[in-house]
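The next block is model_2.txt, given as compact mmCIF, C-alpha atoms.
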# COMPACT_ATOMS: atom_id res chain seq x y z
CA MET A 202 66.32 142.13 103.53
CA LYS A 203 68.83 140.69 101.07
CA ALA A 204 70.21 138.37 103.76
CA VAL A 205 66.70 137.12 104.53
CA LYS A 206 66.07 136.44 100.84
CA THR A 207 69.36 134.56 100.54
CA LEU A 208 68.51 132.45 103.57
CA TYR A 209 65.05 131.75 102.16
CA THR A 210 66.57 130.63 98.84
CA PHE A 211 68.99 128.32 100.62
CA LEU A 212 66.24 126.76 102.73
CA LEU A 213 64.10 126.26 99.64
CA TRP A 214 67.02 124.50 97.93
CA ALA A 215 67.54 122.28 100.97
CA ILE A 216 63.86 121.36 101.16
CA ILE A 217 63.22 120.75 97.46
CA ILE A 218 66.48 119.92 95.76
CA LEU A 219 68.48 118.00 98.36
CA PRO A 220 65.86 115.26 98.90
CA ARG A 221 65.76 114.70 95.15
CA LEU A 222 69.48 114.07 95.16
CA THR A 223 69.36 111.66 98.06
CA ASN A 224 66.27 109.62 97.30
CA GLY A 225 67.54 108.28 94.01
CA GLN A 226 65.36 110.43 91.75
CA GLN A 227 67.98 112.74 90.29
CA LEU A 228 71.76 112.72 90.40
CA PRO A 229 73.59 114.36 87.49
CA GLN A 230 77.06 113.25 88.52
CA ILE A 231 78.59 110.95 91.12
CA PRO A 232 80.60 112.95 93.69
CA LYS A 233 84.20 111.98 94.28
CA GLY A 234 84.65 109.50 97.10
CA TYR A 235 81.26 107.90 96.58
CA TRP A 236 80.95 104.22 95.74
CA ILE A 237 79.11 102.37 92.98
CA ALA A 238 78.02 98.84 93.84
CA CYS A 239 76.26 96.22 91.74
CA GLY A 240 74.66 92.81 91.94
CA ASP A 241 71.50 91.01 90.79
CA ASP A 242 69.85 93.41 88.30
CA LYS A 243 70.70 96.57 90.24
CA VAL A 244 73.29 99.32 90.53
CA LEU A 245 73.62 101.48 93.66
CA ILE A 246 75.43 104.72 94.39
CA ILE A 247 76.56 104.92 98.00
CA ASN A 248 77.71 107.79 100.19
CA PRO A 249 79.90 105.90 102.69
CA SER A 250 79.96 108.85 105.09
CA ILE A 251 76.22 108.57 105.81
CA SER A 252 76.03 105.19 107.49
CA SER A 253 77.10 101.55 107.36
CA ASP A 254 73.84 100.11 106.06
CA SER A 255 71.34 100.54 103.22
CA SER A 256 70.54 104.09 104.28
CA ALA A 257 73.87 105.08 102.70
CA VAL A 258 72.37 104.38 99.24
CA ILE A 259 71.56 107.73 97.63
CA TRP A 260 70.70 106.50 94.12
CA LYS A 261 69.67 103.19 92.64
CA TRP A 262 68.82 101.71 89.29
CA GLN A 263 67.15 98.47 88.39
CA PHE A 264 67.20 97.26 84.81
CA LYS A 265 63.40 97.22 84.52
CA GLU A 266 63.42 101.03 84.84
CA SER A 267 65.10 101.26 81.42
CA ALA A 268 64.01 97.97 79.84
CA ASP A 269 61.65 99.62 77.36
CA GLN A 270 64.55 101.55 75.80
CA ILE A 271 66.21 98.52 74.20
CA PRO A 272 65.05 95.21 72.64
CA GLU A 273 62.82 93.13 74.90
CA GLU A 274 65.17 90.13 74.91
CA TYR A 275 67.65 92.09 77.04
CA SER A 276 65.44 91.52 80.07
CA ASN A 277 67.06 88.09 80.23
CA TYR A 278 70.57 89.50 79.97
CA PHE A 279 70.76 91.85 82.94
CA LYS A 280 69.90 89.47 85.78
CA SER A 281 73.40 89.33 87.26
CA ILE A 282 75.26 92.64 86.95
CA ASP A 283 78.95 92.26 87.74
CA GLU A 284 80.61 95.53 86.71
CA CYS A 285 79.61 99.15 87.36
CA LYS A 286 82.42 101.44 86.27
CA PRO A 287 82.08 105.24 86.40
CA VAL A 288 82.99 106.93 83.10
CA PHE A 289 82.61 110.28 81.33
CA ALA A 290 83.59 112.34 84.39
CA ASN A 291 81.39 110.21 86.68
CA LYS A 292 78.24 111.14 84.73
CA LYS A 293 77.68 107.67 83.27
CA ILE A 294 78.15 104.06 84.34
CA LEU A 295 79.52 101.27 82.17
CA ILE A 296 77.67 98.12 83.18
CA THR A 297 78.28 94.45 82.37
CA SER A 298 76.25 91.40 83.30
CA SER A 299 77.38 87.79 83.48
CA THR A 300 73.97 86.79 82.13
CA GLY A 301 74.93 88.25 78.79
CA ALA A 302 75.04 92.00 78.16
CA THR A 303 76.85 95.32 78.40
CA CYS A 304 75.36 98.82 78.48
CA LEU A 305 76.24 102.46 79.06
CA LEU A 306 73.83 104.18 81.44
CA ASN A 307 73.42 107.94 81.83
CA ILE A 308 72.95 108.68 85.53
CA ALA A 309 70.83 111.82 85.29
CA ASP A 310 67.94 110.39 83.26
CA LYS A 311 68.68 106.64 83.44
CA LYS A 312 68.87 106.38 79.67
CA ILE A 313 70.75 103.47 78.09
CA GLU A 314 73.08 104.98 75.49
CA PHE A 315 74.78 101.78 74.29
CA TYR A 316 73.97 98.08 74.55
CA ALA A 317 75.32 94.80 73.24
CA LYS A 318 74.95 91.07 73.78
CA THR A 319 78.20 90.04 75.46
CA PRO A 320 78.17 86.41 76.70
CA MET A 321 79.28 86.09 80.35
CA ALA A 322 80.64 89.65 80.37
CA HIS A 323 82.63 90.54 83.48
CA SER A 324 84.29 93.88 82.76
CA ALA A 325 84.43 96.76 80.30
CA ASP A 326 86.19 100.06 79.77
CA LEU A 327 86.18 103.01 77.39
CA LEU A 328 88.89 103.65 74.82
CA PRO A 329 89.64 106.73 72.68
CA GLY A 330 87.46 107.14 69.62
CA HIS A 331 84.18 106.31 71.44
CA LEU A 332 85.13 102.67 71.74
CA VAL A 333 84.27 100.18 74.46
CA ALA A 334 86.18 96.97 75.19
CA VAL A 335 84.45 94.06 76.92
CA ALA A 336 85.97 90.96 78.57
CA ASN A 337 83.74 87.89 78.40
CA SER A 338 84.20 84.88 80.66
CA THR A 339 83.45 81.17 80.31
CA HIS A 340 80.53 80.71 77.91
CA PRO A 341 80.29 78.79 74.61
CA LYS A 342 80.07 82.15 72.83
CA GLY A 343 82.28 83.98 75.32
CA ASN A 344 85.92 83.50 76.38
CA SER A 345 86.72 86.61 74.41
CA LEU A 346 87.77 90.22 74.27
CA GLU A 347 85.44 92.34 72.13
CA LEU A 348 85.61 95.90 70.84
CA TYR A 349 82.57 98.04 69.98
CA ARG A 350 81.77 101.56 68.83
CA LEU A 351 79.39 103.37 71.16
CA GLU A 352 77.47 104.59 68.12
CA GLN A 353 76.88 101.02 66.89
CA PRO A 354 75.06 98.83 69.43
CA GLU A 355 75.39 95.06 69.07
CA LYS A 356 78.07 95.22 66.35
CA PRO A 357 81.54 94.13 67.50
CA ILE A 358 84.33 95.48 65.30
CA TYR A 359 87.09 93.31 66.78
CA LYS A 360 87.30 90.05 68.72
CA ASP A 361 90.12 88.02 70.24
CA SER A 362 90.03 84.77 72.19
CA LEU A 363 90.49 85.19 75.95
CA TYR A 364 89.81 82.35 78.35
CA SER A 365 87.75 83.45 81.35
CA GLY A 366 87.94 87.17 80.60
CA HIS A 367 87.44 89.12 83.84
CA GLY A 368 89.16 92.50 83.62
CA VAL A 369 89.63 95.40 81.21
CA VAL A 370 91.42 98.68 82.03
CA TRP A 371 92.50 101.44 79.65
CA ASN A 372 95.68 103.32 80.59
CA ASN A 373 95.36 106.70 78.96
CA LYS A 374 98.94 107.85 79.61
CA LEU A 375 100.46 104.75 78.03
CA GLN A 376 97.67 104.42 75.46
CA GLN A 377 97.44 100.73 76.30
CA LEU A 378 94.62 98.34 77.15
CA PHE A 379 95.25 95.86 79.96
CA VAL A 380 93.15 92.70 79.93
CA LEU A 381 92.88 89.99 82.60
CA GLY A 382 92.10 86.37 81.84
CA TYR A 383 92.19 83.15 83.83
CA ASP A 384 95.95 83.00 84.26
CA ASP A 385 97.42 85.86 82.24
CA LEU A 386 97.53 89.64 81.98
CA ARG A 387 97.66 90.98 78.44
CA THR A 388 98.58 94.33 76.95
CA TYR A 389 97.00 95.61 73.73
CA ARG A 390 97.44 98.74 71.65
CA LEU A 391 94.73 100.43 69.66
CA THR A 392 95.49 100.51 65.96
CA GLU A 393 95.95 103.87 64.26
CA ALA A 394 92.61 103.53 62.50
CA LYS A 395 90.95 102.88 65.90
CA ASN A 396 89.08 99.87 64.58
CA SER A 397 91.13 97.03 66.02
CA LEU A 398 93.56 96.01 68.75
CA THR A 399 97.09 94.63 68.54
CA LEU A 400 98.37 92.27 71.22
CA VAL A 401 101.66 93.63 72.57
CA ASN A 402 102.59 91.14 75.27
CA THR A 403 101.29 88.59 77.78
CA ILE A 404 102.48 87.77 81.27
CA LYS A 405 101.37 85.04 83.68
CA ILE A 406 99.68 86.27 86.84
CA PRO A 407 100.70 84.95 90.28
CA GLY A 408 97.85 82.51 90.73
CA LEU A 409 94.87 81.22 88.82
CA GLY A 410 91.37 82.46 88.29
CA GLY A 411 91.88 86.15 87.57
CA HIS A 412 88.98 88.06 89.16
CA ASP A 413 89.52 91.82 89.09
CA LEU A 414 91.72 94.41 87.44
CA SER A 415 91.92 98.05 88.52
CA LEU A 416 94.20 101.01 87.92
CA ILE A 417 96.22 102.41 90.83
CA ASP A 418 98.01 105.06 88.79
CA ASP A 419 99.69 105.42 85.41
CA ASP A 420 102.38 102.90 86.35
CA ARG A 421 100.61 100.25 88.46
CA LEU A 422 97.65 97.90 88.41
CA LEU A 423 95.90 95.83 91.06
CA VAL A 424 95.23 92.23 90.07
CA SER A 425 93.12 89.81 92.09
CA SER A 426 92.99 86.06 91.56
CA THR A 427 91.26 83.25 93.45
CA ASP A 428 93.82 83.20 96.26
CA ALA A 429 95.62 86.54 96.32
CA VAL A 430 95.89 90.20 95.31
CA ALA A 431 99.03 91.60 93.68
CA ILE A 432 100.39 94.89 92.40
CA PHE A 433 101.66 94.83 88.83
CA SER A 434 104.41 97.28 87.96
CA ILE A 435 103.92 98.11 84.30
CA ASN A 436 107.43 99.43 83.68
CA GLU A 437 109.21 96.61 85.50
CA ARG A 438 106.72 93.99 84.32
CA LYS A 439 106.61 92.24 87.67
CA PHE A 440 104.10 91.36 90.36
CA ASP A 441 104.48 92.05 94.08
CA PRO A 442 102.05 91.02 96.83
CA PHE A 443 99.52 93.68 97.78
CA ILE A 444 100.18 93.40 101.49
CA PRO A 445 96.74 94.42 102.87
CA LEU A 446 95.03 91.62 100.88
CA ALA A 447 97.95 89.43 99.84
CA ASP A 448 96.46 86.26 101.30
CA THR A 449 92.77 87.10 101.07
CA HIS A 450 90.87 84.69 98.86
CA HIS A 451 88.10 85.39 96.34
CA ILE A 452 88.45 89.17 96.11
CA LYS A 453 85.84 90.17 93.53
CA SER A 454 86.72 93.85 93.30
CA VAL A 455 89.45 96.01 94.76
CA ASN A 456 90.06 99.77 94.64
CA TRP A 457 93.06 101.44 96.27
CA ASN A 458 94.00 105.11 96.45
CA ALA A 459 97.76 105.07 97.01
CA LYS A 460 97.81 108.75 98.08
CA THR A 461 95.25 108.39 100.87
CA ASN A 462 95.73 104.63 101.48
CA ARG A 463 91.96 104.24 101.21
CA LEU A 464 91.09 100.66 100.25
CA VAL A 465 87.59 99.58 99.22
CA TYR A 466 86.78 96.02 98.18
CA THR A 467 84.33 93.12 98.03
CA LYS A 468 85.01 89.44 98.60
CA ALA A 469 82.88 86.36 98.00
CA GLU A 470 81.35 85.28 101.30
CA GLU A 471 77.98 83.63 100.66
CA SER A 472 78.97 81.95 97.39
CA TRP A 473 80.24 84.17 94.60
CA TRP A 474 78.54 87.18 96.22
CA THR A 475 78.52 89.12 99.49
CA PHE A 476 76.25 91.44 101.45
CA ASN A 477 79.18 93.58 102.60
CA ILE A 478 81.54 96.22 101.25
CA TYR A 479 84.79 96.61 103.16
CA ALA A 480 87.05 99.64 103.48
CA THR A 481 90.15 100.66 105.39
CA SER A 482 91.73 104.00 106.38
CA PRO A 483 89.37 104.33 108.14
CA ASN A 484 88.00 100.83 108.71
CA GLN A 485 84.41 100.44 107.60
CA LYS A 486 81.90 97.79 106.59
CA VAL A 487 78.72 98.72 104.75
CA HIS A 488 76.11 95.97 105.03
CA ILE A 489 73.40 95.75 102.35
CA PRO A 490 71.39 92.56 103.02
CA THR A 491 68.94 93.08 100.15
CA LEU A 492 71.41 92.67 97.30
CA LYS A 493 73.83 89.95 96.21
CA LEU A 494 76.77 92.31 95.81
CA TYR A 495 79.55 91.48 93.38
CA LYS A 496 81.66 94.55 92.68
CA VAL A 497 82.21 98.01 94.12
CA ARG A 498 83.92 100.91 92.36
CA VAL A 499 85.12 104.21 93.82
CA CYS A 500 84.64 107.55 92.07
CA TYR A 501 87.84 109.56 91.86

Would you mind writing the file's structure down as structure tokens?
Amino acid sequence: MKAVKTLYTFLLWAIIILPRLTNGQQLPQIPKGYWIACGDDKVLIINPSISSDSSAVIWKWQFKESADQIPEEYSNYFKSIDECKPVFANKKILITSSTGATCLLNIADKKIEFYAKTPMAHSADLLPGHLVAVANSTHPKGNSLELYRLEQPEKPIYKDSLYSGHGVVWNNKLQQLFVLGYDDLRTYRLTEAKNSLTLVNTIKIPGLGGHDLSLIDDDRLLVSSTDAVAIFSINERKFDPFIPLADTHHIKSVNWNAKTNRLVYTKAEESWWTFNIYATSPNQKVHIPTLKLYKVRVCY
């Protein structure tokens, strides 16, 4: 009798709960290995093991679902989302839009927990002390690196000039912020009071038009530019070609797990966007024709 009851409970869970997790209604946390993709005014969570088309999307968010939570003017600022970084143990997504804004979205209830006007924003990351750094690209009020407190929407506490800001990555082990601009990679430290940043050093990247910056591990970064992708050794302060994509142009986002050799990336194919997400080890292409995809991120 107990076995029958257990089976009944499991079947009830499968019938009621599982569909809610896979139809985009509820998802408390992004499972490891899943992808987050963004473009237009949308963010998608993808299970790449399901299929190689839109049916792999298990969760989606469009800005209009949460528009009433923040000032009305932000409806003009989330028309071209270009970053979708998992944070807070994959329970939230840090989102930037090149049309002028940054926000922190809670996955479970789709609540916006932080927002700011960030001209031509292309990347963001969290820092200790509930801080968020944002890299803004070419805009009369952009070309900057900005620092905010999550508790204080729309109020930058620090700003530095940065031409064509495209990448921001916090290295927790080194307690350093790495920032990618048009032709340089910068390193910053957070001040002791956690209210400002100090520029530590700058190095020229191998190429022009920095596009994407991602963390491989505590000692290495992946840097993409218009014409190439390189690995940056933090300790040695040198760049080496990233062989799988060394000569691939217009890589918009790149994620590589050095332990499994799993590579997931997007590249501009239609113009600045694509309808495809590419992966290797194993080889895979997920085609989503309904969205102008810009970046993909992998949950680790």

Nearest-residue call for Lys233 in chain A, choices A:Gln270, A:Pro287, A:Asn402, A:Leu391, using all atoms listed in the file: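 Among A:Gln270, A:Pro287, A:Asn402, A:Leu391, it is A:Pro287 that comes nearest to Lys233 in chain A.
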
Residues near Arg498 in chain A, cut-off 10 Å, all atoms listed in the file, skip fewer than 4 positions along chain, as a ChimeraX atom specification: /A:234-239,246,284-287,415,454-457,465-467

Listed atoms of range 458-461 of chain A boxed along x, y and z, 8 Å each side, centre and edge lengths in Å, one decimal, as lines of an AutoDock Vina configuration file:
center_x = 95.9
center_y = 106.9
center_z = 98.7
size_x = 19.8
size_y = 19.7
size_z = 20.4

Surrounding residues of Phe315 in chain A excluding itself and chain neighbours under 4 positions, 6 Å, all atoms listed in the file, as JSON, numbers by chain: {"A": [304, 305, 351, 354]}

Would you mind exporting the chosen residues as a JSON list (two decimals), in the coordinates of the input, restricted to C-alpha atoms?
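Writing done, so here's again-v1.json:
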[["chain", "number", "residue", "atom", "x", "y", "z"],
["A", 304, "CYS", "CA", 75.36, 98.82, 78.48],
["A", 305, "LEU", "CA", 76.24, 102.46, 79.06],
["A", 351, "LEU", "CA", 79.39, 103.37, 71.16],
["A", 354, "PRO", "CA", 75.06, 98.83, 69.43]]

Residues within 7 Å of Trp371 in chain A, all atoms listed in the file, excluding chain neighbours under 5 positions, as an NGL selection string: :A and (326-328 or 377-379)

Within 6 Å of file point (78.4, 88.7, 79.9), counting all atoms listed in the file, expressed as a VMD selection string: chain A and resid 298 to 302 319 to 323 337

Among listed residues A:Ser276, A:Val380, A:Pro329, A:Asn396, nearest Ser345 in chain A (using all atoms listed in the file): A:Val380

For Glu347 in chain A: contacts at 6 Å, all atoms listed in the file, fewer than 5 positions along chain excluded, given as a VMD selection string: chain A and resid 334 to 335 359 to 360

Residues within 8 Å of range 440-444 of chain A, all atoms listed in the file, excluding chain neighbours under 6 positions, as a list of chain:residue names: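 Counting all atoms listed in the file, the residues come to A:Ile406, A:Pro407, A:Leu423, A:Ala429, A:Val430, A:Ala431, A:Ile432, A:Phe433, A:Ser434.
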
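Shortest separation to Gln230 in chain A among A:Leu446, A:Cys500, A:Ile478, A:Leu492 occurs at residue A:Cys500, atoms counted being all atoms listed in the file.
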
Two-atom distance - CA of Lys265 in chain A, CA of Tyr278 in chain A (Å):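 A separation of 11.5 Å between them.
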
Point-to-point distance from CA of Glu274 in chain A to CA of Lys496 in chain A, Å rounded to tenths: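 Atom-to-atom, CA of Glu274 in chain A to CA of Lys496 in chain A, that is 24.6 Å.
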
Residue nearest Ser281 in chain A among A:Asp428, A:Asp413, A:Asp242, A:Asp384 (counting only C-alpha atoms):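 Distance minimum relative to Ser281 in chain A lands on A:Asp242.
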
Residues within 9 Å of (92.5, 90.6, 82.5), file coords, all atoms listed in the file, listed as a list of chain:residue names: A:Ser324, A:Ala336, A:Leu363, A:Ser365, A:Gly366, A:His367, A:Gly368, A:Val369, A:Val370, A:Phe379, A:Val380, A:Leu381, A:Gly382, A:Tyr383, A:Asp384, A:Asp385, A:Leu386, A:Arg387, A:Gly411, A:His412, A:Asp413, A:Leu414, A:Val424

Given all atoms listed in the file as the counted atoms, nearest of A:Gly343, A:Thr399, A:Asn291, A:Asn373 to Val499 in chain A: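 Of the candidates, the smallest distance to Val499 in chain A is held by A:Asn291.
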
Distance of CA of Trp473 in chain A from CA of Thr403 in chain A, expressed in Å to one decimal place: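 Answer for the CA of Thr403 in chain A to CA of Trp473 in chain A separation: 27.3 Å.
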